[in-house]
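Student: Next comes input18.txt, compact mmCIF, C-alpha atoms:
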# COMPACT_ATOMS: atom_id res chain seq x y z
CA MET M 29 87.68 -72.01 71.40
CA THR M 30 84.84 -69.92 72.71
CA SER M 31 81.51 -69.89 70.91
CA VAL M 32 78.98 -67.14 71.35
CA ASP M 33 75.23 -66.99 70.96
CA ALA M 34 72.04 -65.13 71.86
CA PRO M 35 73.55 -61.63 71.90
CA THR M 36 71.27 -58.86 73.12
CA LYS M 37 72.06 -55.18 73.17
CA GLN M 38 70.74 -52.47 75.49
CA PRO M 39 71.45 -48.76 75.06
CA ILE M 40 72.47 -47.02 78.29
CA ALA M 41 71.20 -43.45 78.39
CA SER M 42 69.32 -43.19 81.70
CA ASP M 43 68.91 -44.63 85.22
CA GLN M 44 66.12 -46.79 83.84
CA ASP M 45 68.48 -48.34 81.31
CA VAL M 46 70.85 -49.31 84.13
CA VAL M 47 67.95 -51.25 85.69
CA ARG M 48 67.18 -52.84 82.28
CA VAL M 49 70.80 -53.97 81.94
CA ARG M 50 70.61 -55.58 85.40
CA GLN M 51 67.44 -57.45 84.38
CA MET M 52 68.95 -58.61 81.06
CA VAL M 53 72.08 -59.85 82.77
CA ARG M 54 70.03 -61.64 85.45
CA GLN M 55 68.06 -63.41 82.70
CA ALA M 56 71.25 -64.40 80.87
CA ALA M 57 72.80 -65.69 84.11
CA LEU M 58 69.71 -67.86 84.69
CA THR M 59 69.92 -69.21 81.13
CA ALA M 60 73.60 -70.10 81.65
CA LYS M 61 72.61 -71.80 84.93
CA LEU M 62 75.00 -69.78 87.08
CA PRO M 63 74.58 -70.54 90.79
CA LEU M 64 72.70 -67.88 92.76
CA VAL M 65 75.76 -66.26 94.36
CA ASP M 66 77.47 -66.00 90.96
CA GLN M 67 74.30 -64.56 89.39
CA THR M 68 74.27 -61.94 92.13
CA LYS M 69 77.95 -61.12 91.65
CA LEU M 70 77.57 -60.75 87.89
CA VAL M 71 74.43 -58.61 88.13
CA THR M 72 76.09 -56.40 90.76
CA ALA M 73 79.19 -55.96 88.57
CA ALA M 74 76.95 -55.17 85.58
CA SER M 75 75.12 -52.56 87.62
CA GLU M 76 78.40 -50.85 88.56
CA LEU M 77 79.72 -50.94 85.00
CA ALA M 78 76.45 -49.77 83.43
CA ARG M 79 76.42 -46.81 85.82
CA ASN M 80 80.03 -46.03 84.83
CA THR M 81 79.00 -46.09 81.17
CA LEU M 82 76.21 -43.62 81.96
CA VAL M 83 77.98 -41.31 84.41
CA HIS M 84 81.58 -41.31 83.14
CA GLY M 85 81.09 -42.32 79.51
CA GLY M 86 78.09 -40.08 78.87
CA GLY M 87 76.05 -43.12 77.84
CA GLY M 88 76.68 -46.04 75.51
CA TYR M 89 75.44 -49.61 75.39
CA ALA M 90 75.72 -53.04 76.97
CA ARG M 91 75.88 -56.28 74.98
CA VAL M 92 75.00 -59.51 76.76
CA GLU M 93 75.99 -62.91 75.30
CA GLN M 94 75.96 -66.58 76.20
CA VAL M 95 79.47 -68.03 75.80
CA HIS M 96 80.70 -71.66 75.74
CA ASN M 97 84.28 -72.83 75.86
CA GLY M 98 83.57 -76.49 75.18
CA ARG M 99 83.34 -77.48 78.83
CA ARG M 100 81.51 -74.64 80.49
CA ALA M 101 78.80 -72.12 79.82
CA GLY M 102 79.02 -68.53 80.90
CA VAL M 103 77.81 -65.01 80.34
CA ARG M 104 79.82 -62.25 78.74
CA VAL M 105 78.81 -58.61 79.09
CA THR M 106 80.47 -55.79 77.19
CA PHE M 107 80.01 -52.12 78.09
CA ALA M 108 81.02 -49.53 75.53
CA ASP M 109 80.96 -45.76 75.48
CA GLU M 110 82.42 -42.98 73.36
CA GLY M 111 83.25 -40.87 76.39
CA PRO M 112 86.51 -39.25 77.47
CA GLY M 113 88.20 -42.61 78.21
CA ILE M 114 90.46 -43.32 81.16
CA ALA M 115 93.90 -41.70 81.10
CA ASP M 116 95.40 -43.53 84.10
CA LEU M 117 93.98 -47.04 84.21
CA ASP M 118 96.03 -48.22 87.22
CA LEU M 119 94.71 -45.33 89.25
CA ALA M 120 91.13 -45.92 88.07
CA LEU M 121 91.38 -49.56 89.18
CA THR M 122 92.44 -48.57 92.70
CA ASP M 123 89.86 -49.14 95.44
CA GLY M 124 88.49 -45.82 96.63
CA TYR M 125 89.65 -43.73 93.68
CA THR M 126 86.73 -41.75 92.25
CA THR M 127 86.10 -38.85 89.94
CA GLY M 128 82.31 -39.14 90.11
CA GLY M 129 81.67 -38.52 93.80
CA GLY M 130 80.97 -42.22 94.44
CA LEU M 131 82.79 -44.71 96.60
CA GLY M 132 85.38 -45.58 93.96
CA LEU M 133 84.51 -49.28 94.03
CA GLY M 134 82.74 -49.64 90.68
CA LEU M 135 85.66 -50.65 88.49
CA SER M 136 87.89 -52.33 91.09
CA GLY M 137 84.95 -54.10 92.74
CA SER M 138 83.52 -55.39 89.45
CA ARG M 139 86.88 -56.86 88.57
CA ARG M 140 86.81 -58.88 91.80
CA LEU M 141 83.26 -60.07 91.18
CA CYS M 142 83.90 -61.55 87.71
CA ASP M 143 86.05 -64.42 86.39
CA GLU M 144 87.41 -62.41 83.46
CA PHE M 145 87.78 -58.66 83.23
CA ASP M 146 89.16 -56.81 80.27
CA ILE M 147 89.29 -53.08 79.70
CA ASP M 148 90.22 -51.21 76.57
CA THR M 149 90.48 -47.45 76.94
CA ALA M 150 92.63 -44.41 76.31
CA ALA M 151 92.16 -40.69 76.86
CA GLY M 152 89.74 -39.44 74.22
CA GLN M 153 89.09 -42.95 72.85
CA GLY M 154 86.07 -44.07 74.86
CA THR M 155 86.00 -47.13 77.08
CA ARG M 156 85.10 -50.76 76.50
CA VAL M 157 84.88 -53.11 79.46
CA THR M 158 84.25 -56.84 78.97
CA VAL M 159 83.47 -59.22 81.83
CA VAL M 160 82.77 -62.95 81.87
CA LYS M 161 81.31 -65.15 84.58
CA TRP M 162 81.56 -68.93 84.03
CA ALA M 163 79.27 -71.59 85.44
CA ARG M 164 81.23 -73.93 87.74
CA MET F 11 57.90 -41.93 88.91
CA ASP F 12 58.33 -44.81 91.37
CA ARG F 13 58.52 -43.84 95.00
CA VAL F 14 59.23 -46.06 97.98
CA PRO F 15 56.54 -45.64 100.68
CA VAL F 16 57.59 -44.72 104.23
CA LEU F 17 55.21 -46.05 106.92
CA LYS F 18 55.02 -44.71 110.45
CA ILE F 19 54.30 -47.29 113.15
CA GLY F 20 54.46 -45.77 116.62
CA GLU F 21 57.90 -44.20 117.00
CA ILE F 22 59.33 -46.15 114.07
CA LEU F 23 59.48 -45.46 110.34
CA LEU F 24 59.30 -48.63 108.27
CA VAL F 25 60.51 -48.82 104.68
CA SER F 26 60.22 -51.97 102.61
CA ILE F 27 61.95 -51.71 99.25
CA GLN F 28 59.96 -53.86 96.81
CA ILE F 29 61.20 -52.52 93.47
CA ASP F 30 64.42 -52.67 91.49
CA LEU F 31 65.74 -49.25 92.59
CA GLU F 32 66.72 -46.71 90.00
CA ASP F 33 69.41 -44.34 91.24
CA HIS F 34 67.11 -41.33 91.41
CA THR F 35 64.48 -43.35 93.31
CA ALA F 36 67.16 -44.19 95.88
CA MET F 37 68.06 -40.50 96.19
CA GLN F 38 64.38 -39.63 96.57
CA LEU F 39 64.01 -42.18 99.38
CA GLN F 40 67.01 -40.69 101.18
CA ASP F 41 65.35 -37.29 100.95
CA ASP F 42 61.87 -38.47 101.93
CA LEU F 43 63.18 -40.32 104.97
CA SER F 44 65.08 -37.40 106.42
CA HIS F 45 62.00 -35.18 106.07
CA ARG F 46 59.73 -37.81 107.62
CA ILE F 47 62.09 -38.26 110.60
CA VAL F 48 61.85 -34.55 111.35
CA GLU F 49 58.08 -34.36 110.71
CA THR F 50 57.23 -37.34 112.87
CA GLY F 51 59.98 -37.17 115.50
CA ALA F 52 60.57 -40.88 114.88
CA HIS F 53 63.40 -42.44 116.87
CA GLY F 54 63.94 -45.49 114.72
CA VAL F 55 64.08 -46.38 111.02
CA VAL F 56 63.78 -49.96 109.78
CA ILE F 57 64.69 -50.60 106.14
CA ASP F 58 63.67 -54.00 104.78
CA ILE F 59 65.82 -55.02 101.79
CA SER F 60 64.73 -58.68 101.62
CA ALA F 61 63.27 -58.14 98.13
CA LEU F 62 66.50 -56.62 96.75
CA GLU F 63 68.34 -59.02 94.44
CA ILE F 64 71.47 -56.89 94.52
CA VAL F 65 72.99 -54.09 96.58
CA ASP F 66 75.61 -52.29 94.53
CA SER F 67 77.87 -49.44 95.66
CA PHE F 68 75.19 -46.85 94.93
CA ILE F 69 72.53 -48.51 97.07
CA GLY F 70 75.17 -49.30 99.70
CA ARG F 71 76.09 -45.65 99.86
CA MET F 72 72.41 -44.71 100.15
CA LEU F 73 72.03 -47.04 103.16
CA SER F 74 75.13 -45.56 104.84
CA THR F 75 73.96 -42.02 104.18
CA ILE F 76 70.48 -42.72 105.54
CA ALA F 77 72.03 -44.21 108.69
CA SER F 78 74.30 -41.18 109.20
CA VAL F 79 71.62 -38.59 108.49
CA SER F 80 69.07 -40.26 110.73
CA ARG F 81 71.61 -40.50 113.55
CA VAL F 82 72.18 -36.76 113.32
CA LEU F 83 68.40 -36.37 113.50
CA ASP F 84 68.23 -38.54 116.64
CA ALA F 85 66.96 -41.70 114.99
CA GLU F 86 68.68 -45.09 114.78
CA THR F 87 68.55 -47.04 111.48
CA VAL F 88 68.47 -50.82 111.20
CA VAL F 89 68.68 -52.56 107.82
CA VAL F 90 66.98 -55.96 107.75
CA GLY F 91 66.55 -58.98 105.51
CA MET F 92 69.71 -58.92 103.44
CA ARG F 93 69.91 -62.06 101.30
CA PRO F 94 73.00 -64.24 101.86
CA ALA F 95 74.12 -63.94 98.21
CA VAL F 96 73.84 -60.16 98.50
CA ALA F 97 75.95 -60.13 101.68
CA ILE F 98 78.69 -62.25 100.06
CA THR F 99 78.71 -60.00 96.99
CA LEU F 100 78.81 -56.79 99.03
CA VAL F 101 81.89 -57.91 100.93
CA GLU F 102 83.68 -58.98 97.77
CA LEU F 103 82.76 -55.68 96.12
CA GLY F 104 84.54 -53.98 99.02
CA LEU F 105 81.55 -52.44 100.79
CA SER F 106 81.39 -52.84 104.54
CA LEU F 107 78.31 -50.67 105.21
CA LYS F 108 80.19 -48.93 108.01
CA GLY F 109 77.90 -47.36 110.58
CA VAL F 110 74.85 -49.30 109.38
CA ARG F 111 73.19 -51.56 111.96
CA THR F 112 71.74 -54.73 110.51
CA ALA F 113 69.36 -57.41 111.75
CA LEU F 114 68.11 -60.62 110.22
CA ASN F 115 64.45 -59.63 110.36
CA VAL F 116 62.04 -56.88 111.43
CA ASP F 117 61.38 -58.48 114.83
CA ARG F 118 65.07 -58.39 115.70
CA ALA F 119 65.32 -54.80 114.43
CA LEU F 120 62.47 -53.71 116.71
CA GLU F 121 64.23 -55.42 119.65
CA ILE F 122 67.45 -53.55 118.88
CA LEU F 123 65.60 -50.24 118.69
CA ALA F 124 63.72 -50.97 121.92
CA GLU F 125 67.00 -51.74 123.73
CA ALA F 126 68.53 -48.54 122.41
CA ARG F 127 65.65 -46.48 123.80
CA PRO F 128 63.84 -48.25 126.60
CA GLY F 129 60.26 -47.13 127.05
CA VAL F 130 59.72 -45.71 123.59
CA LEU F 131 58.24 -48.85 122.05
CA ALA F 132 56.53 -49.97 125.21
CA GLY F 133 54.20 -46.97 125.03
CA SER F 134 53.91 -44.08 127.43
CA ALA F 135 54.78 -45.92 130.66
CA ALA F 136 58.28 -44.45 130.82
CA ASP F 137 57.02 -40.92 130.27
CA GLU F 138 54.81 -40.90 133.35
CA PRO F 139 56.67 -41.93 136.46
CA ALA F 140 54.43 -42.97 139.33
CA ALA F 141 53.40 -39.95 141.37
CA GLU F 142 55.19 -39.49 144.69
CA PRO F 143 52.84 -40.30 147.52
CA VAL F 144 51.82 -37.09 149.27
CA PRO F 145 52.51 -37.30 153.03
Would you mind writing the file out in C-alpha cells?

Tutor:
Amino acid sequence: MTSVDAPTKQPIASDQDVVRVRQMVRQAALTAKLPLVDQTKLVTAASELARNTLVHGGGGYARVEQVHNGRRAGVRVTFADEGPGIADLDLALTDGYTTGGGLGLGLSGSRRLCDEFDIDTAAGQGTRVTVVKWAR
Amino acid sequence: MDRVPVLKIGEILLVSIQIDLEDHTAMQLQDDLSHRIVETGAHGVVIDISALEIVDSFIGRMLSTIASVSRVLDAETVVVGMRPAVAITLVELGLSLKGVRTALNVDRALEILAEARPGVLAGSAADEPAAEPVP
C-alpha cells in the first residue's frame, strides 16, 4: 500500500517552468533523502519529461509527491498534457527516435533513470507520464 | 534575460556556467560563443560546468554543438568540472558527448590546449624565431 503526501503542482508553459520543475523535484528528492546520484537521475529525468510536456504536449503541468510504501520513501512525479498524444509508443520509447529535432533520448533515457515508469497516452488523448524514484 | 558571460584570457575563451540553464539561455550561449571565437580569433574554449547539478540531453547537445562549431572555426573545446553524479547520469541517459574533450579541472584543460597548439599559450616566443646570424 502506497501512501502519498505533500503534493505540489507546477504548470509547464515556458522554459522557465522547466527549470522550476527541476528545482521542485530536487527539493522533493532531498526531503525523501534520496542519495545524491539518485537525486541527480530523478532531476535529469524530470527535466527531459518536463521539456517533452512543453515541446510535444504544448504545455501542461507536473505534480510532485512524496510516496511511502511502508518500508521506503520515494518521490513520484507526474507529467500531464492535453497535446496530440503518442500514436506509436514502442517507437517513441526507442533510443534515438525523435520528432522534435532533439537527440531522441528524453523518453527512453528517463525510463532508464527511474525505478518506475508509466505512460498513458493515445493519439489525440494527451499524454501522462508517471515516474517514481525510491530511496534505497 | 540571463546570459552566460564569455571571458577572453589570452588565446582562450573561458565560460563558467553558474546558473540553472534555461533552454533559450543555452542556445544564446552557443550563439555568443561562435561569434566570440570569430571576433577574437581564440584557439581554445574552456567550459566549466562544475556548478551544474544536472546535464540533460538538451545541455549535452549544446556542449556537442559548441565543440563541433568551434572546431570548424579553428578552436578546440574542453569541458571541465563535471560532477561524478552528473557523469553517471549522463551515461545512463545514453549521452556519450561524442567529440567533446573533457578534463577534470581548468588547469588540465589549459594543459590540453597548450599541447594541441604549442607556443600559443606560452606567449609570442613561437611566433618570432631567432634571427639567422648574418655572415

Student: Counting only C-alpha atoms, which residues of chain F sit at most 12 Å from some atom of chain M, and what is each one's closest atom pair with its distance in Å to one decimal, listed by chain and rising residue number, as a tab-separated table?

Tutor:
residue	atom	partner	partner_atom	distance
F:Met11	CA	M:Gln44	CA	10.8
F:Asp12	CA	M:Gln44	CA	11.0
F:Ile29	CA	M:Val47	CA	10.4
F:Asp30	CA	M:Val47	CA	6.9
F:Leu31	CA	M:Val47	CA	7.5
F:Glu32	CA	M:Asp43	CA	5.7
F:Asp33	CA	M:Asp43	CA	6.0
F:His34	CA	M:Asp43	CA	7.2
F:Thr35	CA	M:Asp43	CA	9.3
F:Ala36	CA	M:Asp43	CA	10.8
F:Met37	CA	M:Asp43	CA	11.8
F:Leu62	CA	M:Thr68	CA	10.5
F:Glu63	CA	M:Thr68	CA	7.0
F:Ile64	CA	M:Thr72	CA	6.0
F:Val65	CA	M:Thr72	CA	7.0
F:Asp66	CA	M:Thr72	CA	5.6
F:Ser67	CA	M:Leu133	CA	6.8
F:Phe68	CA	M:Gly130	CA	7.4
F:Ile69	CA	M:Glu76	CA	10.6
F:Gly70	CA	M:Leu131	CA	9.4
F:Arg71	CA	M:Leu131	CA	7.5
F:Met72	CA	M:Gly130	CA	10.6
F:Ser74	CA	M:Leu131	CA	11.3
F:Thr75	CA	M:Leu131	CA	11.9
F:Arg93	CA	M:Val65	CA	10.0
F:Pro94	CA	M:Val65	CA	8.2
F:Ala95	CA	M:Val65	CA	4.8
F:Val96	CA	M:Thr68	CA	6.6
F:Ala97	CA	M:Val65	CA	9.5
F:Ile98	CA	M:Val65	CA	7.6
F:Thr99	CA	M:Lys69	CA	5.5
F:Leu100	CA	M:Lys69	CA	8.6
F:Val101	CA	M:Gly137	CA	9.5
F:Glu102	CA	M:Leu141	CA	6.7
F:Leu103	CA	M:Gly137	CA	4.3
F:Gly104	CA	M:Gly137	CA	6.3
F:Leu105	CA	M:Leu133	CA	8.0
F:Ser106	CA	M:Leu131	CA	11.4
F:Leu107	CA	M:Leu131	CA	11.4

Student: Just give me the gap between atom CA of M:Lys37 and atom CA of M:Pro112 in Å, one decimal is fine.

Tutor: 21.9 Å

Student: May I ask for the distance between atom CA of M:Leu117 and atom CA of M:Val83, given in Å to one decimal place?

Tutor: 17.0 Å

Student: At what distance in Å, to one decimal, does atom CA of M:Cys142 lie from atom CA of F:Arg111?

Tutor: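 Interatomic distance, atom CA of F:Arg111 to atom CA of M:Cys142: 28.3 Å.
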
Student: Can you tell me which residues surround M:Pro39 at a distance of at most 7 Å, considering only C-alpha atoms, apart from same-chain residues fewer than 3 positions away, and format the answer as a list in words?

Tutor: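 The residues satisfying every condition are Asp45, Gly88, Tyr89 and Ala90 of chain M.
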
Student: Within 8 Å of M:Glu93, counting all atoms listed in the file, which residues show up once you throw out same-chain ones fewer than 3 positions away? Write them as a list in words, please.

Tutor: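 Result of the neighbour search: Val32, Asp33, Ala34, Pro35, Thr36, Ala56, Val103, Arg104 and Val105 of chain M.
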
Student: Which is closer to F:Ser26 than all the others in F:Leu123, F:Met92, F:Ala52, F:Ala77, using all atoms listed in the file?

Tutor: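 Nearest candidate to F:Ser26 out of F:Leu123, F:Met92, F:Ala52, F:Ala77: F:Met92.
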
Student: So, with only C-alpha atoms as the atoms that count, which of M:Thr59, M:Thr126, M:Gln38, M:Ser31 lies closest to M:Gly87?

Tutor: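 Checking each candidate against M:Gly87, we get M:Gln38 as the closest.
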